[in-house]
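Here's coords_32.cif, which has mmCIF, C-alpha atoms:
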data_target
loop_
_atom_site.group_PDB
_atom_site.id
_atom_site.type_symbol
_atom_site.label_atom_id
_atom_site.label_comp_id
_atom_site.auth_asym_id
_atom_site.auth_seq_id
_atom_site.Cartn_x
_atom_site.Cartn_y
_atom_site.Cartn_z
ATOM 1 C CA MET Z 1 -23.023 -5.738 -57.713
ATOM 2 C CA LEU Z 2 -25.134 -8.388 -59.380
ATOM 3 C CA SER Z 3 -24.954 -6.468 -62.651
ATOM 4 C CA GLU Z 4 -21.762 -5.253 -64.230
ATOM 5 C CA PRO Z 5 -21.206 -1.493 -64.492
ATOM 6 C CA ARG Z 6 -21.660 0.186 -67.839
ATOM 7 C CA SER Z 7 -18.158 1.576 -67.483
ATOM 8 C CA GLY Z 8 -16.851 -1.992 -67.401
ATOM 9 C CA GLN Z 9 -18.522 -2.880 -70.670
ATOM 10 C CA LEU Z 10 -17.332 0.331 -72.310
ATOM 11 C CA ALA Z 11 -13.749 -0.189 -71.162
ATOM 12 C CA ALA Z 12 -13.593 -3.908 -71.969
ATOM 13 C CA TRP Z 13 -15.053 -3.749 -75.454
ATOM 14 C CA GLY Z 14 -13.489 -0.366 -76.167
ATOM 15 C CA ASN Z 15 -10.085 -1.883 -75.393
ATOM 16 C CA ALA Z 16 -10.786 -4.810 -77.705
ATOM 17 C CA LEU Z 17 -11.785 -2.397 -80.456
ATOM 18 C CA LEU Z 18 -8.720 -0.175 -79.968
ATOM 19 C CA ALA Z 19 -6.550 -3.295 -80.203
ATOM 20 C CA GLY Z 20 -8.237 -4.375 -83.444
ATOM 21 C CA LEU Z 21 -9.680 -7.550 -81.915
ATOM 22 C CA VAL Z 22 -13.358 -6.797 -82.601
ATOM 23 C CA SER Z 23 -15.299 -4.772 -85.157
ATOM 24 C CA PRO Z 24 -16.895 -1.415 -84.279
ATOM 25 C CA ASP Z 25 -20.371 -2.910 -84.699
ATOM 26 C CA ASP Z 26 -19.656 -5.801 -82.333
ATOM 27 C CA ALA Z 27 -18.076 -3.491 -79.752
ATOM 28 C CA VAL Z 28 -20.993 -1.058 -79.761
ATOM 29 C CA LEU Z 29 -23.538 -3.872 -79.592
ATOM 30 C CA ALA Z 30 -21.829 -5.309 -76.505
ATOM 31 C CA ILE Z 31 -21.446 -1.918 -74.810
ATOM 32 C CA VAL Z 32 -25.065 -0.840 -75.337
ATOM 33 C CA GLY Z 33 -26.455 -4.188 -74.211
ATOM 34 C CA ASP Z 34 -30.112 -3.864 -73.230
ATOM 35 C CA ASP Z 35 -30.071 -0.060 -73.329
ATOM 36 C CA ALA Z 36 -31.741 1.791 -76.175
ATOM 37 C CA VAL Z 37 -28.831 3.999 -77.163
ATOM 38 C CA HIS Z 38 -25.540 5.435 -75.896
ATOM 39 C CA ARG Z 39 -24.148 8.834 -76.881
ATOM 40 C CA VAL Z 40 -21.003 10.742 -75.946
ATOM 41 C CA GLU Z 41 -21.165 14.454 -75.160
ATOM 42 C CA GLY Z 42 -18.296 16.920 -74.838
ATOM 43 C CA LEU Z 43 -15.759 15.184 -77.073
ATOM 44 C CA PRO Z 44 -13.026 17.543 -78.306
ATOM 45 C CA GLY Z 45 -13.760 18.483 -81.893
ATOM 46 C CA GLU Z 46 -17.472 17.680 -81.685
ATOM 47 C CA SER Z 47 -20.148 20.348 -81.202
ATOM 48 C CA GLY Z 48 -22.785 18.002 -79.799
ATOM 49 C CA PRO Z 49 -23.489 14.425 -78.702
ATOM 50 C CA VAL Z 50 -22.274 11.678 -81.051
ATOM 51 C CA GLY Z 51 -22.833 7.952 -81.305
ATOM 52 C CA LEU Z 52 -20.474 5.406 -79.781
ATOM 53 C CA THR Z 53 -18.896 4.331 -83.060
ATOM 54 C CA LEU Z 54 -17.875 7.873 -83.936
ATOM 55 C CA ALA Z 55 -16.866 8.582 -80.332
ATOM 56 C CA LEU Z 56 -14.523 5.596 -80.087
ATOM 57 C CA GLY Z 57 -12.957 6.539 -83.415
ATOM 58 C CA ARG Z 58 -12.509 10.104 -82.224
ATOM 59 C CA LEU Z 59 -10.867 8.937 -79.001
ATOM 60 C CA ARG Z 60 -8.408 6.845 -81.001
ATOM 61 C CA ALA Z 61 -7.591 9.898 -83.123
ATOM 62 C CA LEU Z 62 -6.998 11.905 -79.945
ATOM 63 C CA GLY Z 63 -4.327 9.420 -78.872
ATOM 64 C CA VAL Z 64 -6.311 7.105 -76.618
ATOM 65 C CA THR Z 65 -4.719 3.650 -76.551
ATOM 66 C CA GLY Z 66 -6.679 2.076 -73.694
ATOM 67 C CA LEU Z 67 -9.537 2.524 -71.252
ATOM 68 C CA ARG Z 68 -9.549 2.047 -67.493
ATOM 69 C CA VAL Z 69 -12.469 1.740 -65.070
ATOM 70 C CA ALA Z 70 -13.098 3.665 -61.852
ATOM 71 C CA LEU Z 71 -15.725 2.536 -59.320
ATOM 72 C CA PRO Z 72 -15.605 5.184 -56.577
ATOM 73 C CA ALA Z 73 -17.681 5.223 -53.409
ATOM 74 C CA PRO Z 74 -17.885 7.790 -50.576
ATOM 75 C CA GLY Z 75 -14.478 7.919 -48.918
ATOM 76 C CA HIS Z 76 -12.955 5.620 -51.541
ATOM 77 C CA PRO Z 77 -11.931 7.265 -54.857
ATOM 78 C CA LEU Z 78 -11.201 3.876 -56.427
ATOM 79 C CA GLY Z 79 -9.594 4.259 -59.854
ATOM 80 C CA LEU Z 80 -9.733 8.061 -59.943
ATOM 81 C CA SER Z 81 -6.840 10.500 -60.381
ATOM 82 C CA GLY Z 82 -8.597 13.890 -60.382
ATOM 83 C CA PRO Z 83 -9.267 16.705 -60.876
ATOM 84 C CA PRO Z 84 -11.994 17.329 -58.240
ATOM 85 C CA ALA Z 85 -14.642 18.208 -60.838
ATOM 86 C CA PHE Z 86 -14.265 14.866 -62.591
ATOM 87 C CA ASN Z 87 -14.009 12.957 -59.316
ATOM 88 C CA ALA Z 88 -17.217 14.540 -58.016
ATOM 89 C CA ARG Z 89 -19.148 13.604 -61.141
ATOM 90 C CA ALA Z 90 -17.761 10.069 -61.128
ATOM 91 C CA LEU Z 91 -18.615 9.661 -57.457
ATOM 92 C CA GLU Z 92 -22.188 10.739 -58.135
ATOM 93 C CA ALA Z 93 -22.471 8.155 -60.932
ATOM 94 C CA GLU Z 94 -20.473 5.589 -58.889
ATOM 95 C CA GLU Z 95 -18.453 4.762 -62.002
ATOM 96 C CA ALA Z 96 -16.360 6.242 -64.786
ATOM 97 C CA VAL Z 97 -13.967 5.393 -67.597
ATOM 98 C CA VAL Z 98 -10.521 7.003 -67.677
ATOM 99 C CA CYS Z 99 -8.648 7.160 -70.980
ATOM 100 C CA HIS Z 100 -5.027 6.046 -71.286
ATOM 101 C CA GLY Z 101 -2.973 8.102 -73.733
ATOM 102 C CA SER Z 102 -5.099 11.246 -73.508
ATOM 103 C CA ALA Z 103 -6.217 13.234 -70.455
ATOM 104 C CA LEU Z 104 -9.914 12.497 -70.860
ATOM 105 C CA GLY Z 105 -12.538 10.617 -68.875
ATOM 106 C CA LEU Z 106 -16.126 9.516 -69.455
ATOM 107 C CA VAL Z 107 -18.924 9.520 -66.874
ATOM 108 C CA PRO Z 108 -22.343 7.994 -67.670
ATOM 109 C CA GLU Z 109 -25.668 9.689 -67.043
ATOM 110 C CA VAL Z 110 -28.659 7.354 -67.343
ATOM 111 C CA TYR Z 111 -32.124 8.421 -68.494
ATOM 112 C CA GLU Z 112 -35.289 6.338 -68.426
ATOM 113 C CA ALA Z 113 -38.254 7.140 -70.640
ATOM 114 C CA GLY Z 114 -41.535 5.567 -71.667
ATOM 115 C CA PRO Z 115 -44.664 4.249 -69.946
ATOM 116 C CA ASP Z 116 -44.701 1.494 -67.336
ATOM 117 C CA GLY Z 117 -43.953 -1.815 -68.964
ATOM 118 C CA ASP Z 118 -42.222 -0.175 -71.914
ATOM 119 C CA VAL Z 119 -39.409 1.809 -70.334
ATOM 120 C CA HIS Z 120 -36.258 2.270 -72.374
ATOM 121 C CA VAL Z 121 -32.885 3.451 -71.151
ATOM 122 C CA GLU Z 122 -30.660 6.009 -72.810
ATOM 123 C CA VAL Z 123 -27.111 6.750 -71.644
ATOM 124 C CA VAL Z 124 -25.115 9.917 -72.208
ATOM 125 C CA TRP Z 125 -21.388 9.671 -71.510
ATOM 126 C CA HIS Z 126 -19.989 13.060 -70.496
ATOM 127 C CA CYS Z 127 -16.411 13.541 -71.699
ATOM 128 C CA LEU Z 128 -14.339 15.600 -69.248
ATOM 129 C CA ALA Z 129 -10.716 16.459 -68.588
ATOM 130 C CA VAL Z 130 -8.821 14.231 -66.138
ATOM 131 C CA ARG Z 131 -5.452 14.476 -64.423
ATOM 132 C CA GLU Z 132 -2.769 12.185 -65.809
ATOM 133 C CA ALA Z 133 -1.670 10.367 -62.658
ATOM 134 C CA PRO Z 134 -1.754 6.813 -61.256
ATOM 135 C CA PRO Z 135 -5.333 5.722 -60.389
ATOM 136 C CA ALA Z 136 -6.183 5.528 -56.709
ATOM 137 C CA ASP Z 137 -6.079 2.206 -54.803
ATOM 138 C CA VAL Z 138 -6.142 -0.195 -57.762
ATOM 139 C CA PRO Z 139 -4.480 -3.537 -56.901
ATOM 140 C CA SER Z 140 -2.667 -5.859 -59.255
ATOM 141 C CA LEU Z 141 -4.537 -8.920 -60.472
ATOM 142 C CA GLY Z 142 -2.500 -11.116 -58.144
ATOM 143 C CA GLU Z 143 -3.287 -8.939 -55.138
ATOM 144 C CA ALA Z 144 -6.955 -8.795 -56.075
ATOM 145 C CA GLU Z 145 -7.195 -12.572 -56.390
ATOM 146 C CA ARG Z 146 -5.625 -13.157 -52.987
ATOM 147 C CA GLU Z 147 -7.798 -10.512 -51.322
ATOM 148 C CA LEU Z 148 -10.937 -11.956 -52.911
ATOM 149 C CA ALA Z 149 -10.254 -15.448 -51.630
ATOM 150 C CA GLU Z 150 -10.047 -14.034 -48.113
ATOM 151 C CA ALA Z 151 -13.099 -11.815 -48.669
ATOM 152 C CA LEU Z 152 -15.202 -14.761 -49.827
ATOM 153 C CA ARG Z 153 -14.301 -16.673 -46.692
ATOM 154 C CA ASP Z 154 -14.979 -13.622 -44.515
ATOM 155 C CA ALA Z 155 -18.353 -12.964 -46.149
ATOM 156 C CA THR Z 156 -19.465 -16.546 -45.563
ATOM 157 C CA GLU Z 157 -18.375 -16.399 -41.915
ATOM 158 C CA VAL Z 158 -20.159 -13.072 -41.397
ATOM 159 C CA LEU Z 159 -23.434 -14.369 -42.825
ATOM 160 C CA SER Z 160 -23.270 -17.438 -40.610
ATOM 161 C CA ARG Z 161 -22.291 -15.539 -37.471
ATOM 162 C CA LEU Z 162 -25.037 -12.940 -37.885
ATOM 163 C CA ASP Z 163 -27.604 -15.585 -38.859
ATOM 164 C CA VAL Z 164 -28.380 -13.850 -42.142
ATOM 165 C CA ALA Z 165 -30.626 -15.950 -44.319
ATOM 166 C CA GLY Z 166 -28.354 -17.498 -46.912
ATOM 167 C CA SER Z 167 -30.763 -20.090 -48.200
ATOM 168 C CA GLY Z 168 -34.375 -20.273 -49.213
ATOM 169 C CA PRO Z 169 -36.214 -19.297 -52.422
ATOM 170 C CA VAL Z 170 -34.788 -15.769 -52.767
ATOM 171 C CA ALA Z 171 -31.186 -16.826 -52.255
ATOM 172 C CA GLU Z 172 -31.589 -19.838 -54.539
ATOM 173 C CA ALA Z 173 -33.091 -17.646 -57.264
ATOM 174 C CA ALA Z 174 -30.170 -15.243 -56.956
ATOM 175 C CA MET Z 175 -27.674 -18.090 -57.266
ATOM 176 C CA ASP Z 176 -29.506 -19.514 -60.278
ATOM 177 C CA ALA Z 177 -29.467 -16.095 -61.966
ATOM 178 C CA TYR Z 178 -25.750 -15.775 -61.296
ATOM 179 C CA ARG Z 179 -24.978 -19.205 -62.763
ATOM 180 C CA ALA Z 180 -27.109 -18.506 -65.836
ATOM 181 C CA ARG Z 181 -25.398 -15.180 -66.420
ATOM 182 C CA ALA Z 182 -21.977 -16.748 -65.983
ATOM 183 C CA GLU Z 183 -22.785 -19.325 -68.658
ATOM 184 C CA ARG Z 184 -24.075 -16.637 -71.037
ATOM 185 C CA GLY Z 185 -21.334 -14.120 -70.393
ATOM 186 C CA ARG Z 186 -18.030 -15.909 -70.649
ATOM 187 C CA GLU Z 187 -16.718 -12.992 -72.752
ATOM 188 C CA VAL Z 188 -17.841 -10.259 -70.368
ATOM 189 C CA LEU Z 189 -14.282 -8.904 -70.527
ATOM 190 C CA ALA Z 190 -14.163 -9.065 -74.327
ATOM 191 C CA PRO Z 191 -11.450 -10.710 -76.447
ATOM 192 C CA GLY Z 192 -7.867 -9.975 -75.513
ATOM 193 C CA TYR Z 193 -8.125 -10.081 -71.722
ATOM 194 C CA PRO Z 194 -5.908 -12.539 -69.820
ATOM 195 C CA PRO Z 195 -7.644 -15.592 -68.303
ATOM 196 C CA ARG Z 196 -6.644 -14.455 -64.815
ATOM 197 C CA ALA Z 197 -8.640 -11.239 -65.274
ATOM 198 C CA VAL Z 198 -11.716 -13.259 -66.231
ATOM 199 C CA ARG Z 199 -11.226 -15.453 -63.163
ATOM 200 C CA VAL Z 200 -10.845 -12.452 -60.855
ATOM 201 C CA LEU Z 201 -13.955 -10.774 -62.236
ATOM 202 C CA GLU Z 202 -16.027 -13.948 -61.845
ATOM 203 C CA LEU Z 203 -14.878 -14.300 -58.234
ATOM 204 C CA ALA Z 204 -15.678 -10.640 -57.576
ATOM 205 C CA GLN Z 205 -19.179 -11.249 -58.946
ATOM 206 C CA ARG Z 206 -19.585 -14.212 -56.616
ATOM 207 C CA VAL Z 207 -18.546 -12.156 -53.591
ATOM 208 C CA GLY Z 208 -20.890 -9.387 -54.730
ATOM 209 C CA LEU Z 209 -23.702 -11.898 -54.953
ATOM 210 C CA LEU Z 210 -23.194 -12.971 -51.357
ATOM 211 C CA ILE Z 211 -23.283 -9.342 -50.258
ATOM 212 C CA SER Z 212 -26.477 -8.706 -52.217
ATOM 213 C CA VAL Z 213 -28.133 -11.785 -50.718
ATOM 214 C CA ALA Z 214 -27.154 -10.572 -47.258
ATOM 215 C CA TYR Z 215 -28.822 -7.218 -47.792
ATOM 216 C CA GLU Z 216 -31.816 -8.272 -49.884
ATOM 217 C CA ASN Z 217 -32.795 -11.686 -48.508
ATOM 218 C CA GLY Z 218 -34.507 -10.540 -45.346
ATOM 219 C CA HIS Z 219 -32.920 -9.969 -41.968
ATOM 220 C CA GLY Z 220 -32.435 -13.564 -40.859
ATOM 221 C CA GLY Z 221 -31.699 -13.506 -37.143
ATOM 222 C CA ALA Z 222 -30.269 -9.978 -37.238
ATOM 223 C CA VAL Z 223 -33.505 -8.297 -36.210
ATOM 224 C CA SER Z 224 -32.273 -5.538 -33.917
ATOM 225 C CA ALA Z 225 -30.914 -2.242 -35.180
ATOM 226 C CA SER Z 226 -27.549 -2.929 -33.570
ATOM 227 C CA GLU Z 227 -27.288 -6.372 -35.191
ATOM 228 C CA MET Z 228 -28.239 -4.957 -38.590
ATOM 229 C CA ALA Z 229 -25.609 -2.226 -38.162
ATOM 230 C CA ALA Z 230 -23.051 -4.882 -37.221
ATOM 231 C CA ARG Z 231 -23.847 -6.812 -40.378
ATOM 232 C CA ALA Z 232 -23.375 -3.701 -42.541
ATOM 233 C CA GLU Z 233 -20.116 -2.858 -40.784
ATOM 234 C CA ALA Z 234 -18.783 -6.390 -41.226
ATOM 235 C CA LEU Z 235 -19.679 -6.573 -44.917
ATOM 236 C CA ARG Z 236 -18.399 -3.118 -45.870
ATOM 237 C CA PRO Z 237 -14.727 -4.145 -46.252
ATOM 238 C CA VAL Z 238 -15.787 -7.236 -48.192
ATOM 239 C CA GLU Z 239 -17.729 -5.100 -50.650
ATOM 240 C CA ARG Z 240 -14.761 -2.750 -50.956
ATOM 241 C CA THR Z 241 -12.482 -5.672 -51.810
ATOM 242 C CA ALA Z 242 -14.881 -6.900 -54.486
ATOM 243 C CA ARG Z 243 -15.016 -3.455 -56.113
ATOM 244 C CA ARG Z 244 -11.224 -3.210 -56.101
ATOM 245 C CA ALA Z 245 -11.043 -6.597 -57.807
ATOM 246 C CA GLN Z 246 -13.551 -5.551 -60.455
ATOM 247 C CA VAL Z 247 -11.430 -2.535 -61.314
ATOM 248 C CA ALA Z 248 -8.248 -4.620 -61.393
ATOM 249 C CA ALA Z 249 -9.874 -7.081 -63.800
ATOM 250 C CA TYR Z 250 -11.193 -4.419 -66.185
ATOM 251 C CA ASN Z 251 -7.901 -2.520 -66.102
ATOM 252 C CA ALA Z 252 -5.748 -5.599 -66.741
ATOM 253 C CA PHE Z 253 -5.756 -4.983 -70.491
ATOM 254 C CA VAL Z 254 -4.088 -1.570 -70.123
ATOM 255 C CA GLU Z 255 -1.810 -2.696 -67.289
ATOM 256 C CA GLU Z 256 -0.417 -5.564 -69.383
ATOM 257 C CA ARG Z 257 0.132 -3.249 -72.328
ATOM 258 C CA GLU Z 258 2.032 -0.804 -70.111
ATOM 259 C CA ARG Z 259 4.272 -3.631 -68.868
ATOM 260 C CA GLY Z 260 4.987 -4.680 -72.444
ATOM 261 C CA VAL Z 261 3.173 -8.012 -72.185
ATOM 262 C CA ARG Z 262 1.278 -7.252 -75.408
#
Can the structure from this file be put into structure tokens for me?
Amino acid sequence: MLSEPRSGQLAAWGNALLAGLVSPDDAVLAIVGDDAVHRVEGLPGESGPVGLTLALGRLRALGVTGLRVALPAPGHPLGLSGPPAFNARALEAEEAVVCHGSALGLVPEVYEAGPDGDVHVEVVWHCLAVREAPPADVPSLGEAERELAEALRDATEVLSRLDVAGSGPVAEAAMDAYRARAERGREVLAPGYPPRAVRVLELAQRVGLLISVAYENGHGGAVSASEMAARAEALRPVERTARRAQVAAYNAFVEERERGVR
């Protein structure tokens, strides 16, 4: 969870574009990021893949007024509403975007091409039918913020109790990378999002960082298989909470619009 999902960027900047807060060029530039190109396949009215600018315009014409994020994991269909075919594809990708205002969803498929040292990434978003129903297990921003505060405390206690290395060069490098990204990416949620959503997403990233350090920064004192399994078991609900908070933050734009805040 050190990097933000592509579905988050598409939803955040797509929402800003749909609301008229950013230009199509700026939205597409932010969504594509370091990838080479993004295309959308399966859009109603289009016979083949189209670029993001045309795709977002087509979605608006089809009645889409907002975009939500889903970040499902095995046993946890977070943000999904069905049908099974869409859920299965989203679960395989571990992310998806669900349209508000039209029964459509987008699931990314990532391709890498090129020789070592010069690999470029292309993304195809598959447009599929979705069921119009409340998304699964998405908390409010307030709930997410409270849960995250507890999760951050729990994660720190777990790392200490299991003697997982939380310091040293690898951990320090991870923290430095996080701080640098935070300074560069203050508008990760795009214009128009409430400050609380930005705060929740930043806290979710911090919790995700601790989880990543726990798994990637060696075994610390947890050297036996049983101790390593205990660490994974203890961190699993923390990771789940962080994913729920990410979804709540990305979906805040649509949720506020539904409540008439905008």
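Straight-line separation from atom CA of Z:Glu4 to atom CA of Z:Leu189: 10.4 Å.
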For the PyMOL selection byres ((chain Z and resi 78) around 12), applied here, can you spell out every residue it catches as a PyMOL selection string? chain Z and resi 68-77+79-82+87+90-91+94-98+134-139+240-248
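Put simply, atom CA of Z:Ala27 is 28.3 Å away from atom CA of Z:Ala88.
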Here atom CA of Z:Ile211 and atom CA of Z:Ala149 stand apart by 14.5 Å
Output check: residues returned by the PyMOL selection byres ((chain Z and resi 249) around 9), as a tab-separated table (two decimals) with C-alpha atoms, in the coordinates of the input:
chain	number	residue	atom	x	y	z
Z	140	SER	CA	-2.67	-5.86	-59.26
Z	141	LEU	CA	-4.54	-8.92	-60.47
Z	144	ALA	CA	-6.96	-8.80	-56.08
Z	189	LEU	CA	-14.28	-8.90	-70.53
Z	193	TYR	CA	-8.12	-10.08	-71.72
Z	196	ARG	CA	-6.64	-14.46	-64.82
Z	197	ALA	CA	-8.64	-11.24	-65.27
Z	198	VAL	CA	-11.72	-13.26	-66.23
Z	199	ARG	CA	-11.23	-15.45	-63.16
Z	200	VAL	CA	-10.84	-12.45	-60.86
Z	201	LEU	CA	-13.96	-10.77	-62.24
Z	244	ARG	CA	-11.22	-3.21	-56.10
Z	245	ALA	CA	-11.04	-6.60	-57.81
Z	246	GLN	CA	-13.55	-5.55	-60.46
Z	247	VAL	CA	-11.43	-2.54	-61.31
Z	248	ALA	CA	-8.25	-4.62	-61.39
Z	250	TYR	CA	-11.19	-4.42	-66.18
Z	251	ASN	CA	-7.90	-2.52	-66.10
Z	252	ALA	CA	-5.75	-5.60	-66.74
Z	253	PHE	CA	-5.76	-4.98	-70.49
Selection result for the PyMOL selection byres ((chain Z and resi 126) around 7) on this file, as a list in words: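 Listing what the PyMOL selection byres ((chain Z and resi 126) around 7) selects in the shown file: Val40, Glu41, Gly42, Leu106, Val107, Pro108, Val124, Trp125, Cys127 and Leu128 of chain Z.
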For Z:Gly33, please output as a ChimeraX atom specification all residues within 10 Å (counting only C-alpha atoms; exclusion window: fewer than 5 positions along the same chain). /Z:6,9,28,38
